[in-house]
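Novice: PDB, C-alpha atoms and all ligand atoms, saved as entry26.pdb, coming up:
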ATOM      1  CA  MET G 651      72.655  80.777  53.744
ATOM      2  CA  LEU G 652      73.348  77.136  54.545
ATOM      3  CA  SER G 653      76.624  75.520  53.467
ATOM      4  CA  VAL G 654      76.717  71.772  52.967
ATOM      5  CA  VAL G 655      80.229  70.348  53.246
ATOM      6  CA  ILE G 656      80.741  66.961  51.617
ATOM      7  CA  PRO G 657      84.109  65.225  51.981
ATOM      8  CA  ALA G 658      84.683  62.819  49.111
ATOM      9  CA  TYR G 659      87.438  60.302  48.584
ATOM     10  CA  ASN G 660      87.121  58.128  45.495
ATOM     11  CA  GLU G 661      83.365  58.668  45.294
ATOM     12  CA  LYS G 662      83.096  59.064  41.511
ATOM     13  CA  ASN G 663      79.727  57.330  41.375
ATOM     14  CA  ASN G 664      78.250  59.110  44.369
ATOM     15  CA  ILE G 665      78.905  62.770  43.539
ATOM     16  CA  LYS G 666      76.051  63.223  41.073
ATOM     17  CA  LYS G 667      73.610  61.271  43.203
ATOM     18  CA  ALA G 668      74.532  63.135  46.375
ATOM     19  CA  SER G 669      74.442  66.528  44.728
ATOM     20  CA  GLU G 670      71.085  65.937  43.017
ATOM     21  CA  THR G 671      69.452  64.468  46.112
ATOM     22  CA  ILE G 672      70.603  67.262  48.418
ATOM     23  CA  CYS G 673      69.811  70.050  45.927
ATOM     24  CA  CYS G 674      66.353  68.614  45.325
ATOM     25  CA  ILE G 675      65.550  68.475  49.043
ATOM     26  CA  LEU G 676      66.834  71.980  49.773
ATOM     27  CA  ASP G 677      65.193  73.524  46.697
ATOM     28  CA  ARG G 678      61.875  72.011  47.704
ATOM     29  CA  GLU G 679      62.144  73.641  51.124
ATOM     30  CA  ALA G 680      63.358  76.907  49.559
ATOM     31  CA  ILE G 681      66.443  76.987  51.774
ATOM     32  CA  PRO G 682      69.243  79.123  50.304
ATOM     33  CA  PHE G 683      72.362  76.965  50.189
ATOM     34  CA  GLU G 684      75.732  76.149  48.677
ATOM     35  CA  LEU G 685      77.227  72.690  48.232
ATOM     36  CA  LEU G 686      80.915  72.384  48.894
ATOM     37  CA  PHE G 687      82.629  69.195  47.824
ATOM     38  CA  VAL G 688      86.080  68.515  49.212
ATOM     39  CA  ASP G 689      87.922  66.053  47.019
ATOM     40  CA  ASP G 690      90.356  64.389  49.406
ATOM     41  CA  GLY G 691      92.975  63.516  46.783
ATOM     42  CA  SER G 692      90.836  60.961  44.981
ATOM     43  CA  SER G 693      92.482  58.869  42.297
ATOM     44  CA  ASP G 694      89.299  58.123  40.348
ATOM     45  CA  GLY G 695      87.223  60.662  38.424
ATOM     46  CA  THR G 696      85.747  62.319  41.524
ATOM     47  CA  TRP G 697      87.138  65.754  40.696
ATOM     48  CA  ASN G 698      85.719  65.708  37.143
ATOM     49  CA  GLU G 699      82.320  64.783  38.541
ATOM     50  CA  ILE G 700      82.532  67.742  40.926
ATOM     51  CA  ILE G 701      83.408  70.075  38.031
ATOM     52  CA  ASP G 702      80.429  68.710  36.074
ATOM     53  CA  GLN G 703      78.139  69.525  38.980
ATOM     54  CA  HIS G 704      79.667  72.998  39.312
ATOM     55  CA  GLU G 705      78.928  73.638  35.639
ATOM     56  CA  ILE G 706      75.294  72.684  36.138
ATOM     57  CA  ARG G 707      74.735  74.928  39.164
ATOM     58  CA  ASN G 708      77.030  77.646  40.354
ATOM     59  CA  ASN G 709      76.084  77.206  44.000
ATOM     60  CA  ILE G 710      77.943  73.904  43.856
ATOM     61  CA  ARG G 711      81.643  74.423  44.479
ATOM     62  CA  GLY G 712      84.584  72.205  45.096
ATOM     63  CA  ILE G 713      88.177  72.137  46.230
ATOM     64  CA  SER G 714      90.665  69.389  45.663
ATOM     65  CA  PHE G 715      93.588  68.332  47.848
ATOM     66  CA  SER G 716      97.039  67.672  46.491
ATOM     67  CA  ARG G 717      96.878  64.177  48.014
ATOM     68  CA  ASN G 718      94.752  62.179  50.426
ATOM     69  CA  PHE G 719      94.831  63.939  53.797
ATOM     70  CA  GLY G 720      92.013  62.005  55.462
ATOM     71  CA  LYS G 721      88.420  62.805  56.265
ATOM     72  CA  GLU G 722      89.208  65.045  59.265
ATOM     73  CA  SER G 723      91.281  67.365  57.078
ATOM     74  CA  ALA G 724      88.606  67.336  54.394
ATOM     75  CA  ILE G 725      86.001  68.421  56.941
ATOM     76  CA  TYR G 726      88.216  71.243  58.227
ATOM     77  CA  ALA G 727      88.930  72.443  54.711
ATOM     78  CA  GLY G 728      85.200  72.454  54.013
ATOM     79  CA  LEU G 729      84.512  74.444  57.174
ATOM     80  CA  ALA G 730      87.235  76.927  56.326
ATOM     81  CA  GLU G 731      85.970  77.407  52.756
ATOM     82  CA  SER G 732      82.276  77.576  53.604
ATOM     83  CA  LYS G 733      80.517  80.919  53.469
ATOM     84  CA  GLY G 734      77.161  80.061  55.032
ATOM     85  CA  ASP G 735      75.715  81.258  58.335
ATOM     86  CA  CYS G 736      75.498  77.626  59.289
ATOM     87  CA  VAL G 737      77.279  74.568  57.937
ATOM     88  CA  VAL G 738      76.179  70.942  57.661
ATOM     89  CA  VAL G 739      78.797  68.217  57.259
ATOM     90  CA  ILE G 740      77.497  65.111  55.510
ATOM     91  CA  ASP G 741      79.049  61.967  53.968
ATOM     92  CA  CYS G 742      79.130  61.637  50.226
ATOM     93  CA  ASP G 743      77.804  58.072  50.195
ATOM     94  CA  LEU G 744      74.383  59.217  51.484
ATOM     95  CA  GLN G 745      74.677  56.994  54.556
ATOM     96  CA  HIS G 746      73.567  60.092  56.416
ATOM     97  CA  PRO G 747      69.917  60.633  55.364
ATOM     98  CA  PRO G 748      69.921  64.050  53.611
ATOM     99  CA  GLU G 749      66.269  64.772  54.517
ATOM    100  CA  LYS G 750      67.512  65.417  58.047
ATOM    101  CA  ILE G 751      69.340  68.530  56.842
ATOM    102  CA  VAL G 752      65.963  70.261  56.746
ATOM    103  CA  ASP G 753      65.189  69.276  60.346
ATOM    104  CA  MET G 754      68.664  70.434  61.391
ATOM    105  CA  TYR G 755      68.182  73.720  59.586
ATOM    106  CA  ASN G 756      64.833  74.296  61.304
ATOM    107  CA  LEU G 757      66.389  73.621  64.705
ATOM    108  CA  TRP G 758      69.126  76.116  63.867
ATOM    109  CA  LYS G 759      66.437  78.655  62.934
ATOM    110  CA  ALA G 760      64.851  77.929  66.305
ATOM    111  CA  GLY G 761      68.065  79.080  67.962
ATOM    112  CA  PHE G 762      70.303  76.035  68.386
ATOM    113  CA  GLU G 763      73.934  76.581  67.488
ATOM    114  CA  ILE G 764      74.951  72.951  67.068
ATOM    115  CA  VAL G 765      72.660  70.185  65.893
ATOM    116  CA  GLU G 766      74.308  66.800  66.190
ATOM    117  CA  GLY G 767      73.193  63.809  64.206
ATOM    118  CA  VAL G 768      73.250  60.733  66.432
ATOM    119  CA  LYS G 769      73.074  57.218  65.102
ATOM    120  CA  ASN G 770      70.098  55.128  66.101
ATOM    121  CA  ASN G 771      71.986  52.041  65.091
ATOM    122  CA  ARG G 772      75.666  51.636  64.313
ATOM    123  CA  GLY G 773      75.109  49.661  61.102
ATOM    124  CA  LYS G 774      76.546  46.203  60.596
ATOM    125  CA  GLU G 775      79.640  45.551  62.727
ATOM    126  CA  SER G 776      81.437  42.396  63.821
ATOM    127  CA  GLY G 777      81.797  41.526  67.528
ATOM    128  CA  LEU G 778      85.437  42.527  67.808
ATOM    129  CA  HIS G 779      84.819  45.744  65.902
ATOM    130  CA  SER G 780      81.992  46.849  68.171
ATOM    131  CA  PHE G 781      84.068  45.978  71.261
ATOM    132  CA  ALA G 782      86.967  48.086  69.981
ATOM    133  CA  ALA G 783      84.582  50.893  69.076
ATOM    134  CA  LYS G 784      83.084  50.761  72.566
ATOM    135  CA  CYS G 785      86.500  51.036  74.269
ATOM    136  CA  PHE G 786      87.457  53.879  71.945
ATOM    137  CA  TYR G 787      84.273  55.865  72.552
ATOM    138  CA  ASP G 788      84.353  55.272  76.320
ATOM    139  CA  LEU G 789      87.798  56.828  76.437
ATOM    140  CA  ILE G 790      86.968  59.737  74.138
ATOM    141  CA  SER G 791      83.578  60.394  75.763
ATOM    142  CA  ASP G 792      85.294  60.627  79.113
ATOM    143  CA  ALA G 793      87.712  63.225  77.793
ATOM    144  CA  ALA G 794      85.087  65.249  75.934
ATOM    145  CA  GLY G 795      82.735  65.153  78.893
ATOM    146  CA  SER G 796      79.783  63.957  76.849
ATOM    147  CA  ASP G 797      78.572  60.642  75.479
ATOM    148  CA  LEU G 798      79.951  60.200  71.990
ATOM    149  CA  ARG G 799      79.077  56.544  71.474
ATOM    150  CA  HIS G 800      76.450  57.364  68.894
ATOM    151  CA  ALA G 801      78.080  60.544  67.664
ATOM    152  CA  SER G 802      78.887  60.972  64.011
ATOM    153  CA  ASP G 803      80.337  63.594  61.715
ATOM    154  CA  TYR G 804      76.841  64.408  60.492
ATOM    155  CA  LYS G 805      76.064  67.732  62.129
ATOM    156  CA  LEU G 806      75.061  71.321  61.675
ATOM    157  CA  LEU G 807      77.243  74.068  63.115
ATOM    158  CA  ASP G 808      76.492  77.741  63.482
ATOM    159  CA  ARG G 809      79.069  80.172  62.057
ATOM    160  CA  LYS G 810      80.267  80.919  65.622
ATOM    161  CA  ALA G 811      80.993  77.237  66.238
ATOM    162  CA  VAL G 812      82.658  76.879  62.831
ATOM    163  CA  ASN G 813      84.940  79.823  63.576
ATOM    164  CA  ALA G 814      85.788  78.395  66.985
ATOM    165  CA  LEU G 815      86.801  75.123  65.347
ATOM    166  CA  ILE G 816      88.820  76.475  62.450
ATOM    167  CA  ASN G 817      90.667  78.915  64.689
ATOM    168  CA  MET G 818      92.044  76.162  66.875
ATOM    169  CA  PRO G 819      95.774  75.903  66.313
ATOM    170  CA  GLU G 820      95.988  72.147  66.799
ATOM    171  CA  LYS G 821      96.570  70.113  63.661
ATOM    172  CA  ASN G 822      95.583  66.679  64.933
ATOM    173  CA  SER G 823      91.971  67.343  65.682
ATOM    174  CA  PHE G 824      89.077  64.958  66.087
ATOM    175  CA  PHE G 825      86.090  66.790  64.643
ATOM    176  CA  ARG G 826      83.441  64.621  66.271
ATOM    177  CA  ALA G 827      84.777  65.165  69.775
ATOM    178  CA  LEU G 828      86.009  68.748  69.383
ATOM    179  CA  SER G 829      82.673  69.942  68.078
ATOM    180  CA  SER G 830      81.122  68.739  71.295
ATOM    181  CA  TRP G 831      83.986  70.021  73.459
ATOM    182  CA  ILE G 832      83.546  73.627  72.208
ATOM    183  CA  GLY G 833      80.148  73.787  73.880
ATOM    184  CA  PHE G 834      77.463  76.156  72.485
ATOM    185  CA  LYS G 835      73.745  75.621  72.655
ATOM    186  CA  SER G 836      73.295  72.215  71.118
ATOM    187  CA  THR G 837      70.683  69.612  70.504
ATOM    188  CA  GLN G 838      70.543  66.197  68.910
ATOM    189  CA  ILE G 839      68.628  64.614  66.137
ATOM    190  CA  GLU G 840      68.440  60.855  65.604
ATOM    191  CA  TYR G 841      68.905  59.118  62.297
ATOM    192  CA  ASP G 842      69.289  55.619  60.926
ATOM    193  CA  VAL G 843      72.571  54.776  59.230
ATOM    194  CA  ARG G 844      71.821  53.642  55.681
ATOM    195  CA  GLU G 845      73.678  51.284  53.418
ATOM    196  CA  ARG G 846      76.284  52.880  51.204
ATOM    197  CA  GLU G 847      74.971  54.082  47.806
ATOM    198  CA  ASP G 848      77.935  52.863  45.802
ATOM    199  CA  GLY G 849      81.450  51.535  46.302
ATOM    200  CA  GLU G 850      82.707  50.413  49.678
ATOM    201  CA  THR G 851      83.958  51.934  52.904
ATOM    202  CA  LYS G 852      87.414  53.504  52.773
ATOM    203  CA  TRP G 853      88.277  52.132  56.191
ATOM    204  CA  THR G 854      90.405  49.055  56.712
ATOM    205  CA  THR G 855      91.133  47.554  60.138
ATOM    206  CA  ARG G 856      94.607  49.039  59.865
ATOM    207  CA  SER G 857      93.459  52.548  59.006
ATOM    208  CA  LEU G 858      90.745  52.435  61.667
ATOM    209  CA  THR G 859      93.283  51.396  64.303
ATOM    210  CA  ARG G 860      95.604  54.201  63.256
ATOM    211  CA  TYR G 861      92.669  56.627  63.294
ATOM    212  CA  ALA G 862      91.680  55.498  66.788
ATOM    213  CA  ILE G 863      95.204  55.811  68.202
ATOM    214  CA  ASN G 864      95.638  59.216  66.559
ATOM    215  CA  ASN G 865      92.413  60.540  67.968
ATOM    216  CA  ILE G 866      92.975  59.128  71.432
ATOM    217  CA  THR G 867      96.460  60.590  71.695
ATOM    218  CA  SER G 868      95.400  63.931  70.285
ATOM    219  CA  PHE G 869      92.313  64.258  72.418
ATOM    220  CA  THR G 870      93.026  62.709  75.808
ATOM    221  CA  SER G 871      96.027  62.064  78.001
ATOM    222  CA  ALA G 872      94.263  59.230  79.846
ATOM    223  CA  PRO G 873      96.741  56.560  78.593
ATOM    224  CA  ILE G 874      99.653  58.500  80.120
ATOM    225  CA  HIS G 875      97.829  58.672  83.433
ATOM    226  CA  ALA G 876      97.179  54.950  83.155
ATOM    227  CA  VAL G 877     100.950  54.494  83.011
ATOM    228  CA  THR G 878     101.310  56.316  86.317
ATOM    229  CA  LEU G 879      98.534  54.199  87.777
ATOM    230  CA  LEU G 880     100.253  51.009  86.627
ATOM    231  CA  GLY G 881     103.462  52.268  88.187
ATOM    232  CA  GLY G 882     101.618  52.750  91.473
ATOM    233  CA  ILE G 883     100.133  49.262  91.399
ATOM    234  CA  LEU G 884     103.517  47.742  90.592
ATOM    235  CA  PHE G 885     105.075  49.683  93.456
ATOM    236  CA  ILE G 886     102.589  48.221  95.931
ATOM    237  CA  LEU G 887     103.183  44.727  94.525
ATOM    238  CA  SER G 888     106.965  45.160  94.786
ATOM    239  CA  PHE G 889     106.578  46.338  98.345
ATOM    240  CA  ILE G 890     104.637  43.204  99.343
ATOM    241  CA  LEU G 891     107.071  40.952  97.494
ATOM    242  CA  SER G 892     110.028  42.652  99.169
ATOM    243  CA  ILE G 893     108.549  42.022 102.603
ATOM    244  CA  ILE G 894     108.013  38.369 101.719
ATOM    245  CA  ALA G 895     111.597  38.138 100.416
ATOM    246  CA  ILE G 896     113.051  39.689 103.561
ATOM    247  CA  TYR G 897     110.940  37.399 105.731
ATOM    248  CA  GLN G 898     112.174  34.342 103.788
ATOM    249  CA  LYS G 899     115.771  35.546 104.127
ATOM    250  CA  ILE G 900     115.393  35.853 107.884
ATOM    251  CA  ALA G 901     113.604  32.526 108.123
ATOM    252  CA  GLY G 902     116.381  30.875 106.097
ATOM    253  CA  THR G 903     114.139  29.700 103.218
ATOM    254  CA  ALA G 904     115.314  32.319 100.743
ATOM    255  CA  LEU G 905     116.122  30.111  97.731
ATOM    256  CA  LYS G 906     112.521  29.230  96.992
ATOM    257  CA  GLY G 907     110.324  31.670  95.135
ATOM    258  CA  PHE G 908     112.467  31.950  92.045
ATOM    259  CA  THR G 909     109.376  31.604  89.806
ATOM    260  CA  THR G 910     107.913  34.702  91.408
ATOM    261  CA  VAL G 911     111.057  36.629  90.572
ATOM    262  CA  ILE G 912     110.949  35.565  86.922
ATOM    263  CA  ILE G 913     107.234  36.331  86.499
ATOM    264  CA  PHE G 914     107.637  39.655  88.223
ATOM    265  CA  GLN G 915     110.568  40.510  85.989
ATOM    266  CA  CYS G 916     108.572  39.666  82.865
ATOM    267  CA  ILE G 917     105.554  41.687  83.943
ATOM    268  CA  THR G 918     107.583  44.742  84.897
ATOM    269  CA  SER G 919     109.660  44.783  81.759
ATOM    270  CA  SER G 920     106.633  44.415  79.489
ATOM    271  CA  ILE G 921     104.783  47.159  81.302
ATOM    272  CA  ILE G 922     107.833  49.409  80.986
ATOM    273  CA  MET G 923     107.997  48.739  77.265
ATOM    274  CA  ILE G 924     104.278  49.410  76.750
ATOM    275  CA  SER G 925     104.538  52.599  78.796
ATOM    276  CA  LEU G 926     107.480  53.783  76.754
ATOM    277  CA  GLY G 927     105.413  53.136  73.650
ATOM    278  CA  ILE G 928     102.507  55.182  74.964
ATOM    279  CA  ILE G 929     104.784  58.053  75.909
ATOM    280  CA  GLY G 930     106.363  57.727  72.479
ATOM    281  CA  PHE G 931     102.979  58.256  70.831
ATOM    282  CA  TYR G 932     102.512  61.491  72.694
ATOM    283  CA  ILE G 933     105.997  62.679  71.892
ATOM    284  CA  SER G 934     105.350  62.018  68.221
ATOM    285  CA  LYS G 935     102.124  64.020  68.486
ATOM    286  CA  ILE G 936     104.019  66.936  70.054
ATOM    287  CA  TYR G 937     106.607  66.625  67.298
ATOM    288  CA  GLU G 938     103.921  66.713  64.612
ATOM    289  CA  GLU G 939     102.212  69.725  66.141
ATOM    290  CA  ILE G 940     105.433  71.634  66.622
ATOM    291  CA  LYS G 941     106.400  71.204  62.985
ATOM    292  CA  GLY G 942     103.299  73.257  62.260
ATOM    293  CA  ARG G 943     102.582  71.722  58.880
ATOM    294  CA  PRO G 944      99.213  72.615  57.386
ATOM    295  CA  ARG G 945      96.275  70.276  57.846
ATOM    296  CA  TYR G 946      95.853  69.993  54.101
ATOM    297  CA  ILE G 947      97.093  71.452  50.845
ATOM    298  CA  VAL G 948      94.581  72.611  48.257
ATOM    299  CA  SER G 949      95.615  72.039  44.671
ATOM    300  CA  LYS G 950      92.488  72.898  42.654
ATOM    301  CA  ARG G 951      89.323  74.933  43.042
ATOM    302  CA  THR G 952      86.241  75.209  40.880
TER
HETATM  303  N1  LIG G1001      86.443  60.172  53.163
HETATM  304  C1  LIG G1001      87.363  61.181  52.925
HETATM  305  N2  LIG G1001      88.710  60.889  53.061
HETATM  306  C2  LIG G1001      89.151  59.653  53.427
HETATM  307  C3  LIG G1001      88.186  58.652  53.703
HETATM  308  C4  LIG G1001      86.852  58.949  53.567
HETATM  309  O1  LIG G1001      87.012  62.301  52.588
HETATM  310  O2  LIG G1001      90.368  59.464  53.520
HETATM  311  C5  LIG G1001      84.994  60.483  53.022
HETATM  312  C6  LIG G1001      84.239  59.535  52.125
HETATM  313  O3  LIG G1001      84.310  59.931  50.781
HETATM  314  C7  LIG G1001      82.829  59.648  52.678
HETATM  315  C8  LIG G1001      83.065  59.858  54.154
HETATM  316  O4  LIG G1001      84.393  60.343  54.287
HETATM  317  O5  LIG G1001      82.143  60.748  52.145
HETATM  318  C9  LIG G1001      82.852  58.608  54.968
HETATM  319  O6  LIG G1001      83.710  57.578  54.482
HETATM  320  P1  LIG G1001      83.274  56.063  54.428
HETATM  321  O7  LIG G1001      81.905  55.941  53.875
HETATM  322  O8  LIG G1001      84.361  55.327  53.725
HETATM  323  O9  LIG G1001      83.286  55.677  55.960
HETATM  324  P2  LIG G1001      82.151  54.938  56.809
HETATM  325  O10 LIG G1001      80.832  55.496  56.368
HETATM  326  O11 LIG G1001      82.305  53.512  56.508
HETATM  327  O12 LIG G1001      82.495  55.301  58.228
HETATM  328 MG    MG G1002      80.089  55.639  54.584
END
Output the file's structure as structure tokens, nothing else.

Specialist:
Amino acid sequence: MLSVVIPAYNEKNNIKKASETICCILDREAIPFELLFVDDGSSDGTWNEIIDQHEIRNNIRGISFSRNFGKESAIYAGLAESKGDCVVVIDCDLQHPPEKIVDMYNLWKAGFEIVEGVKNNRGKESGLHSFAAKCFYDLISDAAGSDLRHASDYKLLDRKAVNALINMPEKNSFFRALSSWIGFKSTQIEYDVREREDGETKWTTRSLTRYAINNITSFTSAPIHAVTLLGGILFILSFILSIIAIYQKIAGTALKGFTTVIIFQCITSSIIMISLGIIGFYISKIYEEIKGRPRYIVSKRT
């Protein structure tokens, strides 16, 4: 059986559409499946829509969070609840073309354990946004050891891969990168990102920035190493400046060069502050992990 996990946050108008479209495609191909909606603490009528769908077909199920825990948590909850031999994760707004589920399923039948959906295009993005996205993915790709620039959450995972993911003890996990880090026999399938069916994206610049920082600090320690590198560079600079200072002292021209001192002071202190901030982020991540709070709290089930 195939499980289709659909995270939904305030998607009242997309539930019916998504459920009908996906059911229609899978019925046509005679693929046995279950749909699993994860209501991520929506404040509109999303949950009622899910219940309506459940009443129409009993292979459509749903769980609802006690509050909004974010898409990552919704995906993990879906994986943990799913019963299928393989699981597809797909967005509720149908930006991920559902026809591809069939291709993914066939690849799984052919023996692949992970089928990743990769974006042909990244949709409409402003210049600054795509620059930030590039920096983010460069960093994450480096840590995951594979190119994630076109990666998305649209993928099929074999039961083995699902179990590997849900058994990881870490709470701050980045599904997109972790599902590639776990390995397994994988392949890719390209798709075009579509326009949203209804409503608008849940991401604001603020939430995207927070998401990026969270994922970077939970997935790679590169920023901490960068701090060490900066320290090294500053050390070399200080060494050169010290030699110049000593030379000037000996030559009797020591009073000049005050500007250098001020600039150097400013640079060092700002780098120290930034470094402290970076280390702070990691400490807060350790703190969060050590508290051991659950990734999500389920309040209702169909
Ligand atoms: N989503 C979620 N929790 C959130 C934000 C989003 O479950 O806190 C779901 C949302 O309902 C959708 C998917 O994640 O099914 C992708 O969200 P969205 O379309 O807003 O993001 P984008 O496609 O712009 O990256
Ligand atoms: Mg979307």

Novice: So which one's closest to G:Gly695, G:Asn660, G:Ser723, G:Ser949, G:Ser669? Using all atoms listed in the file, please.

Specialist: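 Using all atoms listed in the file, G:Gly695 sits closest to G:Asn660.
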
Novice: Return the single residue from G:Lys950, G:Lys733, G:Lys852, G:Lys784 that is closest to ligand LIG 1001 (chain G), with distances computed using all atoms listed in the file.

Specialist: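 Counting all atoms listed in the file, the residue closest to ligand LIG 1001 (chain G) is G:Lys852.
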
Novice: Each residue of chain G with at least one atom at most 9 Å from ligand LIG 1001 (chain G) should appear once, together with its nearest atom pair and the corresponding distance in Å (one decimal); atoms considered: all atoms listed in the file; ordering: chain, then increasing residue number; output as a Markdown table.

Specialist:
| residue | atom | partner | partner_atom | distance |
| --- | --- | --- | --- | --- |
| G:Ile656 | CA | G:LIG1001 | O5 | 6.4 |
| G:Pro657 | CA | G:LIG1001 | O1 | 4.2 |
| G:Ala658 | CA | G:LIG1001 | O3 | 3.4 |
| G:Tyr659 | CA | G:LIG1001 | O3 | 3.8 |
| G:Asn660 | CA | G:LIG1001 | O3 | 6.3 |
| G:Glu661 | CA | G:LIG1001 | O3 | 5.7 |
| G:Asn664 | CA | G:LIG1001 | O5 | 8.8 |
| G:Val688 | CA | G:LIG1001 | O1 | 7.1 |
| G:Asp689 | CA | G:LIG1001 | O1 | 6.8 |
| G:Asp690 | CA | G:LIG1001 | O1 | 5.1 |
| G:Gly691 | CA | G:LIG1001 | N2 | 8.0 |
| G:Ser692 | CA | G:LIG1001 | N2 | 8.4 |
| G:Asn718 | CA | G:LIG1001 | O2 | 6.0 |
| G:Phe719 | CA | G:LIG1001 | O2 | 6.3 |
| G:Gly720 | CA | G:LIG1001 | O2 | 3.6 |
| G:Lys721 | CA | G:LIG1001 | N2 | 3.7 |
| G:Glu722 | CA | G:LIG1001 | N2 | 7.5 |
| G:Ser723 | CA | G:LIG1001 | O1 | 8.0 |
| G:Ala724 | CA | G:LIG1001 | O1 | 5.6 |
| G:Ile725 | CA | G:LIG1001 | O1 | 7.6 |
| G:Ile740 | CA | G:LIG1001 | O5 | 7.2 |
| G:Asp741 | CA | G:LIG1001 | O5 | 3.8 |
| G:Cys742 | CA | G:LIG1001 | O5 | 3.7 |
| G:Asp743 | CA | G:LIG1001 | O5 | 5.5 |
| G:Leu744 | CA | G:LIG1001 | O5 | 7.9 |
| G:Gln745 | CA | G:LIG1001 | O10 | 6.6 |
| G:His746 | CA | G:LIG1001 | O10 | 8.6 |
| G:Ser802 | CA | G:LIG1001 | O12 | 8.9 |
| G:Asp803 | CA | G:LIG1001 | C9 | 8.8 |
| G:Val843 | CA | G:LIG1001 | O10 | 8.8 |
| G:Glu845 | CA | G:LIG1001 | O10 | 8.8 |
| G:Arg846 | CA | G:LIG1001 | O7 | 6.9 |
| G:Gly849 | CA | G:LIG1001 | O7 | 8.8 |
| G:Glu850 | CA | G:LIG1001 | O8 | 6.6 |
| G:Thr851 | CA | G:LIG1001 | O8 | 3.5 |
| G:Lys852 | CA | G:LIG1001 | O8 | 3.7 |
| G:Trp853 | CA | G:LIG1001 | O8 | 5.6 |

Novice: Considering all atoms listed in the file, state which residue in the set G:Glu847, G:Gly882, G:Glu840, G:Ser892 is at the smallest distance from ligand MG 1002 (chain G).

Specialist: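 Checking each candidate against ligand MG 1002 (chain G), we get G:Glu847 as the closest.
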
Novice: To test your reading of the syntax: which residues would the PyMOL selection byres (((chain G and resi 820-828) around 8) and not hetatm) return for the file shown? Reply as a PyMOL selection string.

Specialist: chain G and resi 722+725+790-791+794+798+801-803+815+818-819+829-832+864-865+868-869+935+939+942-945

Novice: Skipping near chain neighbours, those fewer than 3 positions away, what residues fall within 9 Å of G:Tyr755 using only C-alpha atoms, listed as an MDAnalysis selection string?

Specialist: chainID G and resid 652 681 736 738 750:752 758:760 765 806

Novice: Would you mind telling me which residue in G:Leu676, G:Leu789, G:Leu880, G:Val768 lies nearest to G:Asn756 when using all atoms listed in the file?

Specialist: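 Ranked by minimum distance to G:Asn756, first place goes to G:Leu676.
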
Novice: From the options G:Ile883, G:Ile928, G:Ile913, G:Val739, which residue's atoms come nearest to G:Thr867, counting all atoms listed in the file?

Specialist: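 Using all atoms listed in the file, G:Thr867 sits closest to G:Ile928.
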
Novice: G:Phe683: which residues within 8 Å, counting all atoms listed in the file, same-chain residues fewer than 4 positions away excluded, as a list in words?

Specialist: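 So, after excluding close chain neighbours, the residues are Met651, Leu652, Ser653, Val654, Leu676, Asn709 and Gly734 of chain G.
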
Novice: Can you spit out the residues from that selection as a CSV table (one decimal), in the frame of the given file, using C-alpha atoms?

Specialist:
chain,number,residue,atom,x,y,z
G,651,MET,CA,72.7,80.8,53.7
G,652,LEU,CA,73.3,77.1,54.5
G,653,SER,CA,76.6,75.5,53.5
G,654,VAL,CA,76.7,71.8,53.0
G,676,LEU,CA,66.8,72.0,49.8
G,709,ASN,CA,76.1,77.2,44.0
G,734,GLY,CA,77.2,80.1,55.0

Novice: What's around G:His704 at 12 Å? Count all atoms listed in the file, leave out sequence neighbours fewer than 3 positions away in its own chain, and write the answer as a list of chain:residue names.

Specialist: G:Ile665, G:Lys666, G:Ser669, G:Glu670, G:Glu684, G:Leu685, G:Leu686, G:Phe687, G:Trp697, G:Asn698, G:Glu699, G:Ile700, G:Ile701, G:Arg707, G:Asn708, G:Asn709, G:Ile710, G:Arg711, G:Gly712, G:Ile713, G:Arg951, G:Thr952

Novice: How many Å lie between atom CA of G:Phe715 and atom CA of G:Lys941, rounded to one decimal?

Specialist: 20.0 Å

Novice: At what distance in Å, to one decimal, does atom CA of G:Thr910 lie from atom CA of G:Val877?

Specialist: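 Separation of atom CA of G:Val877 and atom CA of G:Thr910: 22.6 Å.
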
Novice: Which value, in Å to one decimal, gives the distance between atom CA of G:Ser888 and atom CA of G:Tyr932?

Specialist: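 That distance, rounded to one decimal, is 27.8 Å.
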
Novice: Measuring atom to atom with only C-alpha atoms and all ligand atoms, identify which of G:Thr855, G:Pro747, G:Gln915, G:Ile922 is nearest to ligand MG 1002 (chain G).

Specialist: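 Residue with the minimum atom-to-atom distance to ligand MG 1002 (chain G): G:Pro747.
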
Novice: Working from the structure I just supplied, which lacks atoms in stretch 829-834 of chain G, can you model N, CA and C atoms there and output them as a PDB file, in the frame of the given file?

Specialist:
ATOM      1  N   SER G 829      83.873  69.150  68.297  1.00  0.00           N
ATOM      2  CA  SER G 829      82.673  69.942  68.078  1.00  0.00           C
ATOM      3  C   SER G 829      81.728  69.813  69.263  1.00  0.00           C
ATOM      4  N   SER G 830      81.939  68.801  70.091  1.00  0.00           N
ATOM      5  CA  SER G 830      81.122  68.739  71.295  1.00  0.00           C
ATOM      6  C   SER G 830      81.844  69.428  72.463  1.00  0.00           C
ATOM      7  N   TRP G 831      83.189  69.381  72.407  1.00  0.00           N
ATOM      8  CA  TRP G 831      83.986  70.021  73.459  1.00  0.00           C
ATOM      9  C   TRP G 831      83.819  71.546  73.462  1.00  0.00           C
ATOM     10  N   ILE G 832      83.629  72.167  72.271  1.00  0.00           N
ATOM     11  CA  ILE G 832      83.546  73.627  72.208  1.00  0.00           C
ATOM     12  C   ILE G 832      82.291  74.185  72.873  1.00  0.00           C
ATOM     13  N   GLY G 833      81.337  73.324  73.177  1.00  0.00           N
ATOM     14  CA  GLY G 833      80.148  73.787  73.880  1.00  0.00           C
ATOM     15  C   GLY G 833      79.106  74.349  72.932  1.00  0.00           C
ATOM     16  N   PHE G 834      78.558  75.506  73.219  1.00  0.00           N
ATOM     17  CA  PHE G 834      77.463  76.156  72.485  1.00  0.00           C
ATOM     18  C   PHE G 834      76.139  75.435  72.750  1.00  0.00           C
TER      19      PHE G 834
END
